[in-house]
$ cat model-v6.txt   # compact mmCIF, C-alpha atoms
# COMPACT_ATOMS: atom_id res chain seq x y z
CA MET A 6 -13.37 -20.88 10.00
CA ASN A 7 -15.43 -19.56 7.09
CA ILE A 8 -13.67 -16.38 6.00
CA VAL A 9 -16.54 -15.06 3.85
CA GLN A 10 -18.72 -14.66 6.96
CA TYR A 11 -16.91 -11.43 7.91
CA GLN A 12 -19.89 -9.31 6.94
CA HIS A 13 -18.25 -6.01 7.90
CA THR A 14 -16.03 -6.31 4.83
CA LYS A 15 -18.84 -6.90 2.33
CA ILE A 16 -18.70 -4.50 -0.64
CA ASP A 17 -22.04 -3.27 -1.99
CA PHE A 18 -21.07 -2.81 -5.63
CA LYS A 19 -23.51 -0.32 -7.16
CA TYR A 20 -22.72 -1.05 -10.82
CA SER A 21 -22.38 -4.20 -12.85
CA VAL A 22 -18.92 -5.21 -13.97
CA SER A 23 -17.61 -3.96 -17.32
CA GLU A 24 -15.53 -6.74 -18.86
CA GLY A 25 -11.94 -5.77 -19.62
CA LEU A 26 -12.15 -2.48 -17.69
CA THR A 27 -9.70 -1.65 -14.89
CA SER A 28 -10.68 0.59 -11.97
CA VAL A 29 -7.76 2.43 -10.37
CA ILE A 30 -8.51 3.19 -6.71
CA ILE A 31 -6.63 6.06 -4.98
CA PRO A 32 -7.40 6.98 -1.35
CA VAL A 33 -6.03 10.36 -0.29
CA PHE A 34 -6.09 12.56 2.79
CA SER A 35 -4.78 16.13 2.60
CA ASP A 36 -2.10 15.56 -0.05
CA PRO A 37 -3.07 17.37 -3.27
CA GLU A 38 0.56 17.52 -4.42
CA GLY A 39 1.06 13.78 -4.03
CA LEU A 40 -2.26 13.07 -5.76
CA THR A 41 -1.23 15.34 -8.65
CA ASP A 42 2.03 13.40 -9.09
CA THR A 43 0.17 10.10 -9.12
CA LEU A 44 -2.48 11.24 -11.59
CA LYS A 45 0.17 12.65 -13.94
CA SER A 46 1.87 9.27 -14.07
CA LEU A 47 -1.46 7.60 -14.87
CA LEU A 48 -2.29 9.91 -17.78
CA HIS A 49 -0.20 8.24 -20.45
CA GLN A 50 -0.63 4.54 -19.87
CA THR A 51 -0.15 2.10 -22.74
CA VAL A 52 -3.69 0.89 -22.03
CA PRO A 53 -6.27 2.91 -24.03
CA ASN A 54 -8.08 5.57 -21.99
CA ASN A 55 -11.45 3.88 -22.46
CA GLN A 56 -10.16 0.69 -20.83
CA TYR A 57 -9.55 2.14 -17.38
CA GLU A 58 -11.18 4.54 -14.94
CA ILE A 59 -9.63 6.42 -12.02
CA ILE A 60 -11.56 6.81 -8.76
CA VAL A 61 -10.18 9.08 -6.04
CA ALA A 62 -11.51 8.57 -2.51
CA ASN A 63 -11.26 12.03 -0.94
CA ASP A 64 -10.98 11.03 2.72
CA GLY A 65 -12.14 14.17 4.50
CA SER A 66 -13.76 15.94 1.53
CA MET A 67 -10.83 18.34 1.21
CA GLU A 68 -11.49 21.09 -1.32
CA PRO A 69 -7.90 21.09 -2.71
CA ILE A 70 -8.32 17.36 -3.45
CA SER A 71 -11.60 18.06 -5.25
CA GLN A 72 -9.87 20.72 -7.34
CA VAL A 73 -7.20 18.24 -8.41
CA CYS A 74 -9.88 15.68 -9.32
CA ASP A 75 -11.72 18.29 -11.39
CA SER A 76 -8.57 19.36 -13.21
CA PHE A 77 -7.77 15.76 -14.18
CA GLU A 78 -11.43 14.92 -14.83
CA VAL A 79 -11.42 11.80 -12.66
CA LYS A 80 -14.22 10.32 -10.59
CA GLU A 81 -14.27 11.45 -6.95
CA VAL A 82 -15.88 9.95 -3.86
CA LYS A 83 -16.16 12.45 -1.00
CA ILE A 84 -15.96 11.13 2.56
CA LYS A 85 -16.68 13.33 5.57
CA PRO A 86 -15.38 13.13 8.19
CA ASN A 87 -12.26 11.23 7.23
CA ARG A 88 -12.37 7.55 8.21
CA GLY A 89 -9.02 6.14 7.12
CA SER A 90 -7.62 4.66 3.92
CA TYR A 91 -9.36 1.26 4.12
CA PHE A 92 -12.79 2.82 4.59
CA ALA A 93 -11.96 5.14 1.68
CA ARG A 94 -10.88 2.29 -0.59
CA ASN A 95 -14.12 0.43 0.10
CA ARG A 96 -16.23 3.48 -0.80
CA ALA A 97 -14.34 3.83 -4.08
CA LEU A 98 -14.78 0.11 -4.78
CA GLU A 99 -18.54 0.47 -4.39
CA VAL A 100 -18.77 2.82 -7.38
CA SER A 101 -16.23 1.00 -9.55
CA ASN A 102 -17.06 -0.77 -12.80
CA GLY A 103 -13.84 -2.63 -13.50
CA GLU A 104 -13.30 -6.34 -13.92
CA TYR A 105 -9.84 -5.60 -12.54
CA ILE A 106 -9.07 -3.41 -9.53
CA ALA A 107 -5.74 -1.56 -9.24
CA CYS A 108 -4.95 0.00 -5.86
CA ILE A 109 -2.33 2.73 -5.57
CA ASP A 110 -1.58 5.42 -3.00
CA ALA A 111 -1.40 9.15 -3.63
CA ASP A 112 2.25 10.32 -4.04
CA ILE A 113 3.28 7.02 -5.68
CA THR A 114 4.15 7.23 -9.38
CA VAL A 115 4.20 4.50 -12.02
CA SER A 116 5.56 3.85 -15.50
CA PRO A 117 3.38 4.04 -18.64
CA GLU A 118 3.34 0.21 -18.74
CA TRP A 119 2.13 -0.20 -15.16
CA LEU A 120 -1.54 -0.86 -15.92
CA GLU A 121 -0.86 -3.07 -18.92
CA ASN A 122 1.58 -5.22 -16.96
CA GLY A 123 -0.80 -5.47 -14.01
CA ILE A 124 -3.68 -6.58 -16.22
CA GLN A 125 -1.49 -9.20 -17.88
CA ALA A 126 -0.47 -10.48 -14.45
CA LEU A 127 -4.12 -10.78 -13.41
CA LYS A 128 -4.74 -13.09 -16.36
CA LYS A 129 -2.46 -15.60 -14.62
CA ALA A 130 -3.31 -14.86 -10.99
CA ASP A 131 -6.08 -13.30 -8.90
CA TYR A 132 -4.11 -11.14 -6.45
CA VAL A 133 -0.91 -9.47 -7.62
CA GLY A 134 1.50 -7.20 -5.76
CA GLY A 135 4.55 -5.42 -7.09
CA PRO A 136 7.61 -3.60 -5.81
CA VAL A 137 7.62 -0.05 -4.52
CA HIS A 138 11.01 1.62 -4.86
CA ILE A 139 12.18 4.74 -3.05
CA ASP A 140 13.08 7.51 -5.51
CA ARG A 141 16.89 7.65 -5.25
CA SER A 142 17.04 11.03 -6.97
CA LYS A 143 15.32 12.55 -3.92
CA ILE A 144 17.64 11.05 -1.29
CA LYS A 145 18.88 13.96 0.86
CA THR A 146 19.25 12.61 4.41
CA PRO A 147 20.41 9.42 6.19
CA ALA A 148 16.77 8.68 7.03
CA HIS A 149 15.89 8.82 3.32
CA TYR A 150 18.72 6.42 2.48
CA SER A 151 17.86 4.05 5.31
CA GLU A 152 14.28 3.84 4.05
CA MET A 153 15.48 3.17 0.50
CA ARG A 154 17.50 0.18 1.72
CA SER A 155 14.80 -1.39 3.87
CA ALA A 156 11.30 -0.25 2.85
CA PHE A 157 8.53 -2.20 1.13
CA PRO A 158 9.75 -5.85 1.07
CA PHE A 159 6.57 -6.87 -0.75
CA LYS A 160 8.10 -9.93 -2.44
CA THR A 161 8.81 -11.43 0.99
CA TYR A 162 5.38 -10.39 2.22
CA ILE A 163 3.57 -12.17 -0.61
CA GLU A 164 5.70 -15.31 -0.64
CA GLU A 165 5.93 -15.77 3.14
CA LYS A 166 3.09 -13.78 4.72
CA HIS A 167 0.54 -13.91 1.88
CA PHE A 168 -0.21 -10.22 1.48
CA SER A 169 1.06 -7.15 -0.34
CA GLY A 170 0.77 -3.46 0.41
CA ALA A 171 -2.34 -1.74 -0.92
CA GLY A 172 -0.15 1.02 -2.36
CA ASN A 173 0.61 -1.17 -5.39
CA LEU A 174 -1.88 -3.98 -5.69
CA PHE A 175 -3.95 -5.59 -8.48
CA VAL A 176 -6.97 -7.76 -7.59
CA ARG A 177 -9.80 -9.24 -9.61
CA ARG A 178 -13.18 -7.76 -8.69
CA SER A 179 -14.56 -11.29 -8.29
CA VAL A 180 -12.19 -11.74 -5.32
CA PHE A 181 -13.70 -8.71 -3.56
CA GLU A 182 -17.19 -9.98 -4.38
CA ASP A 183 -16.35 -13.28 -2.72
CA VAL A 184 -14.22 -12.54 0.36
CA GLY A 185 -15.20 -8.88 0.86
CA GLY A 186 -13.23 -5.65 0.98
CA PHE A 187 -10.82 -4.11 3.48
CA ASP A 188 -11.66 -4.15 7.19
CA GLU A 189 -12.84 -0.58 7.76
CA ARG A 190 -12.16 -0.71 11.50
CA LEU A 191 -8.41 -0.74 10.87
CA LYS A 192 -6.17 2.30 10.50
CA SER A 193 -3.14 0.13 9.75
CA GLY A 194 -2.74 -3.51 8.74
CA GLY A 195 -5.87 -3.70 6.59
CA ASP A 196 -3.88 -4.78 3.55
CA LYS A 197 -2.29 -7.54 5.66
CA GLU A 198 -5.67 -8.78 6.89
CA PHE A 199 -7.23 -8.67 3.42
CA GLY A 200 -4.35 -10.48 1.71
CA LYS A 201 -4.30 -13.20 4.31
CA ARG A 202 -8.07 -13.59 4.03
CA VAL A 203 -7.70 -14.08 0.28
CA TYR A 204 -5.03 -16.70 0.90
CA GLU A 205 -7.01 -18.47 3.62
CA SER A 206 -10.00 -18.84 1.33
CA GLY A 207 -7.94 -21.42 -0.59
CA LYS A 208 -9.48 -20.32 -3.89
CA TYR A 209 -7.12 -17.74 -5.33
CA ARG A 210 -3.57 -17.52 -6.60
CA GLN A 211 -1.33 -14.77 -5.23
CA HIS A 212 1.63 -13.56 -7.25
CA TYR A 213 4.50 -11.07 -7.02
CA GLU A 214 5.22 -9.23 -10.28
CA ASP A 215 8.38 -7.18 -10.80
CA ALA A 216 6.93 -5.58 -13.94
CA ILE A 217 4.42 -3.47 -12.00
CA ALA A 218 7.04 -1.48 -10.10
CA ALA A 219 6.06 1.84 -8.55
CA VAL A 220 8.10 4.71 -7.09
CA HIS A 221 7.60 6.35 -3.70
CA PRO A 222 9.25 9.59 -2.52
CA PRO A 223 11.44 9.17 0.59
CA ARG A 224 10.08 10.19 3.97
CA GLY A 225 11.90 12.03 6.73
CA TYR A 226 12.93 10.63 10.10
CA LYS A 227 9.81 11.83 11.92
CA LYS A 228 7.48 10.28 9.36
CA LEU A 229 9.39 6.99 9.52
CA VAL A 230 9.07 6.89 13.30
CA ASN A 231 5.35 7.66 13.09
CA GLN A 232 4.97 4.91 10.49
CA ARG A 233 6.65 2.35 12.78
CA ILE A 234 4.35 3.35 15.63
CA ARG A 235 1.28 3.14 13.39
CA ILE A 236 2.26 -0.33 12.14
CA ALA A 237 2.85 -1.59 15.68
CA LYS A 238 -0.56 -0.28 16.78
CA GLY A 239 -2.14 -1.90 13.74
CA ASP A 240 -0.56 -5.26 14.55
CA LYS A 241 -1.89 -5.03 18.08
CA VAL A 242 -5.43 -4.24 16.89
CA LEU A 243 -5.27 -7.15 14.43
CA SER A 244 -4.41 -9.52 17.28
CA VAL A 245 -7.44 -8.23 19.23
CA LEU A 246 -9.91 -8.41 16.35
CA TYR A 247 -8.58 -11.71 14.98
CA PRO A 248 -6.85 -13.57 17.83
CA ASP A 249 -7.01 -16.86 15.93
CA ARG A 250 -5.30 -15.36 12.85
CA PHE A 251 -2.80 -12.79 14.14
CA THR A 252 -0.48 -12.54 17.12
CA PHE A 253 1.19 -9.51 18.62
CA ASN A 254 4.68 -9.95 20.00
CA ARG A 255 5.20 -7.19 22.52
CA PRO A 256 8.85 -6.02 22.50
CA SER A 257 10.69 -6.95 25.69
CA PHE A 258 12.28 -4.18 27.72
CA LEU A 259 15.82 -5.55 28.03
CA PRO A 260 16.59 -5.91 24.29
CA TYR A 261 15.17 -2.42 23.78
CA ILE A 262 17.61 -0.98 26.33
CA ILE A 263 20.54 -2.90 24.84
CA ASN A 264 19.74 -1.77 21.30
CA THR A 265 19.34 1.81 22.48
CA PHE A 266 22.78 2.11 24.05
CA LYS A 267 24.84 -0.40 22.08
CA PRO A 268 26.19 1.15 18.85
CA PRO A 269 25.75 -0.82 15.62
CA TRP A 270 28.73 -2.68 14.20
CA ILE A 271 30.54 -0.26 11.94
CA GLY A 272 31.22 -2.96 9.34
CA ASN A 273 27.52 -3.50 8.71
CA ILE A 274 26.95 0.22 8.31
CA SER A 275 29.93 0.78 5.99
CA ARG A 276 28.75 -1.94 3.57
CA GLY A 277 25.56 0.01 3.02
CA TYR A 278 27.19 3.39 2.51
CA SER A 279 27.90 4.83 -0.94
CA ASN A 280 30.32 7.70 -1.68
CA ASP A 281 27.85 9.43 -4.00
CA LEU A 282 25.43 10.17 -1.14
CA PRO A 283 24.86 13.83 -0.13
CA PHE A 284 26.01 13.24 3.46
CA SER A 285 29.12 11.90 5.16
CA PHE A 286 29.61 8.38 6.45
CA LEU A 287 29.95 9.74 9.99
CA ASN A 288 26.58 11.48 9.68
CA TYR A 289 25.03 8.27 8.35
CA TYR A 290 26.55 6.12 11.13
CA LEU A 291 25.52 8.47 13.92

$ encode --input "model-v6.txt" --output "structure tokens"
Amino acid sequence: MNIVQYQHTKIDFKYSVSEGLTSVIIPVFSDPEGLTDTLKSLLHQTVPNNQYEIIVANDGSMEPISQVCDSFEVKEVKIKPNRGSYFARNRALEVSNGEYIACIDADITVSPEWLENGIQALKKADYVGGPVHIDRSKIKTPAHYSEMRSAFPFKTYIEEKHFSGAGNLFVRRSVFEDVGGFDERLKSGGDKEFGKRVYESGKYRQHYEDAIAAVHPPRGYKKLVNQRIRIAKGDKVLSVLYPDRFTFNRPSFLPYIINTFKPPWIGNISRGYSNDLPFSFLNYYL
């Protein structure tokens, strides 16, 4: 199968590439506070200001998002109505100038060395993902702590499944020019499909880089449940759109019932509990 024939992913770059420049792509929907946190962390990078640009894809053309963009003097792409993060990323890519593309999500923060380390990694590889850590200082509930222990296993994803999350991803523009951008039909799983498409092309090296770590605030129980549902729906859509590349394993009813009513082994839970947490072990176990 010729991967580059997926014409729906083709990016119509409007500007020629500027050698040595990095374009930071940030899709955002209705989260001005999270965008503000992200932009603040990008202000004082060790890379000179004239060597990177920031492009915010305002998915929904929200006025509060526009106000944040104006206050930070960053480039904004307005999208109305909202179409999802992968559509938004593609629209931002179209107006980018960078030889290197850095993808990050609003509400994620990075160190001052993040861009420099990502650029250095792209001089050895073509597609680079890094870790996303949950901010331990903001852990308040068992759901927060559970997410910190299990979220974002991007090293495993890259090494075994050949993709990384688009919330912390560096890619050469030439890769997008060749294999295309994100599948805009997807609401979830677009980073998985894109990364695997890059891998399947057989042309590019993928790499996991610890030095481009990012930090994500913890989410509450309801948001975690919604995320699991969204991921499952995305996996199902992937199997429909690409039946020769992705499969969807529908959960069987019996194991679901057993896991619902059978309590977890207390030994496993106790090994993950720490006495400095702001909730009791009983609360965590229950």

$ residues_around --input "model-v6.txt" --residues "A:Val73" --least-positions-apart "5" --cutoff "8 Å" --atoms "only C-alpha atoms" --output "PyMOL selection string"
chain A and resi 37+40-41

$ closest_residue --input "model-v6.txt" --among "A:Leu191, A:Ala156, A:Leu26, A:Val230" --to "A:Gly103" --atoms "only C-alpha atoms"
A:Leu26

$ residues_around --input "model-v6.txt" --residues "stretch 132-138 of chain A" --least-positions-apart "2" --cutoff "7 Å" --atoms "all atoms listed in the file" --output "number ranges by chain"
A: 126-127, 130, 140, 157, 159, 169, 173-177, 210-215, 217-221

$ closest_residue --input "model-v6.txt" --among "A:Gln72, A:Thr43, A:Gln50, A:Asn288" --to "A:Ala111" --atoms "only C-alpha atoms"
A:Thr43

$ residues_around --input "model-v6.txt" --residues "A:Pro223" --least-positions-apart "6" --cutoff "10 Å" --atoms "only C-alpha atoms" --output "list of chain:residue names"
A:His138, A:Ile139, A:Asp140, A:Arg141, A:Ser142, A:Lys143, A:Ile144, A:Lys145, A:Thr146, A:Ala148, A:His149, A:Tyr150, A:Ser151, A:Glu152, A:Met153, A:Ala156, A:Leu229

$ atom_distance --input "model-v6.txt" --atom1 "atom CA of A:Lys228" --atom2 "atom CA of A:Trp119"
27.2 Å

$ closest_atom_pairs --input "model-v6.txt" --of "stretch 96-215 of chain A" --to "stretch 235-251 of chain A" --cutoff "10 Å" --atoms "only C-alpha atoms" --output "Markdown table"
| residue | atom | partner | partner_atom | distance |
| --- | --- | --- | --- | --- |
| A:Arg190 | CA | A:Val242 | CA | 9.3 |
| A:Leu191 | CA | A:Gly239 | CA | 7.0 |
| A:Lys192 | CA | A:Gly239 | CA | 6.7 |
| A:Ser193 | CA | A:Gly239 | CA | 4.6 |
| A:Gly194 | CA | A:Gly239 | CA | 5.3 |
| A:Gly195 | CA | A:Gly239 | CA | 8.3 |
| A:Lys197 | CA | A:Leu243 | CA | 9.3 |
| A:Glu198 | CA | A:Leu243 | CA | 7.7 |
| A:Lys201 | CA | A:Arg250 | CA | 8.9 |
| A:Arg202 | CA | A:Arg250 | CA | 9.4 |
| A:Glu205 | CA | A:Arg250 | CA | 9.9 |

$ atom_distance --input "model-v6.txt" --atom1 "atom CA of A:Glu104" --atom2 "atom CA of A:Pro32"
19.2 Å

$ closest_residue --input "model-v6.txt" --among "A:Pro69, A:Pro147, A:Ala93, A:Ile163" --to "A:Phe284" --atoms "all atoms listed in the file"
A:Pro147

$ closest_residue --input "model-v6.txt" --among "A:Phe18, A:Tyr278, A:Phe286, A:Tyr91" --to "A:Phe199" --atoms "all atoms listed in the file"
A:Tyr91

$ atom_distance --input "model-v6.txt" --atom1 "atom CA of A:Lys19" --atom2 "atom CA of A:Ala97"
10.5 Å

$ build_atoms --input "model-v6.txt" --residues "stretch 65-83 of chain A" --atoms "N, CA, C and O atoms" --output "mmCIF file, in the coordinates of the input"
data_model
loop_
_atom_site.group_PDB
_atom_site.id
_atom_site.type_symbol
_atom_site.label_atom_id
_atom_site.label_comp_id
_atom_site.auth_asym_id
_atom_site.auth_seq_id
_atom_site.Cartn_x
_atom_site.Cartn_y
_atom_site.Cartn_z
ATOM 1 N N GLY A 65 -12.060 12.907 3.775
ATOM 2 C CA GLY A 65 -12.140 14.170 4.500
ATOM 3 C C GLY A 65 -12.794 15.274 3.685
ATOM 4 O O GLY A 65 -12.994 16.383 4.177
ATOM 5 N N SER A 66 -13.126 14.963 2.428
ATOM 6 C CA SER A 66 -13.760 15.940 1.530
ATOM 7 C C SER A 66 -12.991 17.247 1.458
ATOM 8 O O SER A 66 -13.563 18.342 1.556
ATOM 9 N N MET A 67 -11.679 17.148 1.296
ATOM 10 C CA MET A 67 -10.830 18.340 1.210
ATOM 11 C C MET A 67 -11.028 19.039 -0.128
ATOM 12 O O MET A 67 -10.956 18.396 -1.184
ATOM 13 N N GLU A 68 -11.255 20.345 -0.098
ATOM 14 C CA GLU A 68 -11.490 21.090 -1.320
ATOM 15 C C GLU A 68 -10.290 21.064 -2.264
ATOM 16 O O GLU A 68 -10.479 20.928 -3.486
ATOM 17 N N PRO A 69 -9.043 21.184 -1.783
ATOM 18 C CA PRO A 69 -7.900 21.090 -2.710
ATOM 19 C C PRO A 69 -7.844 19.757 -3.448
ATOM 20 O O PRO A 69 -7.428 19.714 -4.607
ATOM 21 N N ILE A 70 -8.271 18.670 -2.788
ATOM 22 C CA ILE A 70 -8.320 17.360 -3.450
ATOM 23 C C ILE A 70 -9.375 17.370 -4.549
ATOM 24 O O ILE A 70 -9.154 16.875 -5.661
ATOM 25 N N SER A 71 -10.527 17.963 -4.245
ATOM 26 C CA SER A 71 -11.600 18.060 -5.250
ATOM 27 C C SER A 71 -11.139 18.861 -6.464
ATOM 28 O O SER A 71 -11.465 18.524 -7.613
ATOM 29 N N GLN A 72 -10.380 19.914 -6.232
ATOM 30 C CA GLN A 72 -9.870 20.720 -7.340
ATOM 31 C C GLN A 72 -8.929 19.930 -8.227
ATOM 32 O O GLN A 72 -8.965 20.053 -9.462
ATOM 33 N N VAL A 73 -8.090 19.092 -7.614
ATOM 34 C CA VAL A 73 -7.200 18.240 -8.410
ATOM 35 C C VAL A 73 -8.014 17.247 -9.230
ATOM 36 O O VAL A 73 -7.749 17.037 -10.415
ATOM 37 N N CYS A 74 -9.020 16.642 -8.608
ATOM 38 C CA CYS A 74 -9.880 15.680 -9.320
ATOM 39 C C CYS A 74 -10.565 16.344 -10.511
ATOM 40 O O CYS A 74 -10.660 15.764 -11.604
ATOM 41 N N ASP A 75 -11.051 17.558 -10.300
ATOM 42 C CA ASP A 75 -11.720 18.290 -11.390
ATOM 43 C C ASP A 75 -10.746 18.593 -12.523
ATOM 44 O O ASP A 75 -11.095 18.461 -13.706
ATOM 45 N N SER A 76 -9.535 18.986 -12.178
ATOM 46 C CA SER A 76 -8.570 19.360 -13.210
ATOM 47 C C SER A 76 -8.149 18.162 -14.047
ATOM 48 O O SER A 76 -7.839 18.309 -15.237
ATOM 49 N N PHE A 77 -8.140 16.974 -13.436
ATOM 50 C CA PHE A 77 -7.770 15.760 -14.180
ATOM 51 C C PHE A 77 -8.995 15.014 -14.707
ATOM 52 O O PHE A 77 -8.848 13.979 -15.375
ATOM 53 N N GLU A 78 -10.174 15.504 -14.372
ATOM 54 C CA GLU A 78 -11.430 14.920 -14.830
ATOM 55 C C GLU A 78 -11.543 13.443 -14.443
ATOM 56 O O GLU A 78 -11.838 12.576 -15.270
ATOM 57 N N VAL A 79 -11.292 13.162 -13.153
ATOM 58 C CA VAL A 79 -11.420 11.800 -12.660
ATOM 59 C C VAL A 79 -12.585 11.725 -11.675
ATOM 60 O O VAL A 79 -13.008 12.733 -11.104
ATOM 61 N N LYS A 80 -13.092 10.542 -11.492
ATOM 62 C CA LYS A 80 -14.220 10.320 -10.590
ATOM 63 C C LYS A 80 -13.762 10.514 -9.140
ATOM 64 O O LYS A 80 -12.681 10.078 -8.758
ATOM 65 N N GLU A 81 -14.610 11.175 -8.339
ATOM 66 C CA GLU A 81 -14.270 11.450 -6.950
ATOM 67 C C GLU A 81 -15.371 10.956 -6.023
ATOM 68 O O GLU A 81 -16.559 11.130 -6.298
ATOM 69 N N VAL A 82 -14.961 10.327 -4.926
ATOM 70 C CA VAL A 82 -15.880 9.950 -3.860
ATOM 71 C C VAL A 82 -15.505 10.767 -2.633
ATOM 72 O O VAL A 82 -14.384 10.676 -2.129
ATOM 73 N N LYS A 83 -16.437 11.591 -2.150
ATOM 74 C CA LYS A 83 -16.160 12.450 -1.000
ATOM 75 C C LYS A 83 -16.598 11.757 0.290
ATOM 76 O O LYS A 83 -17.703 11.226 0.375
#
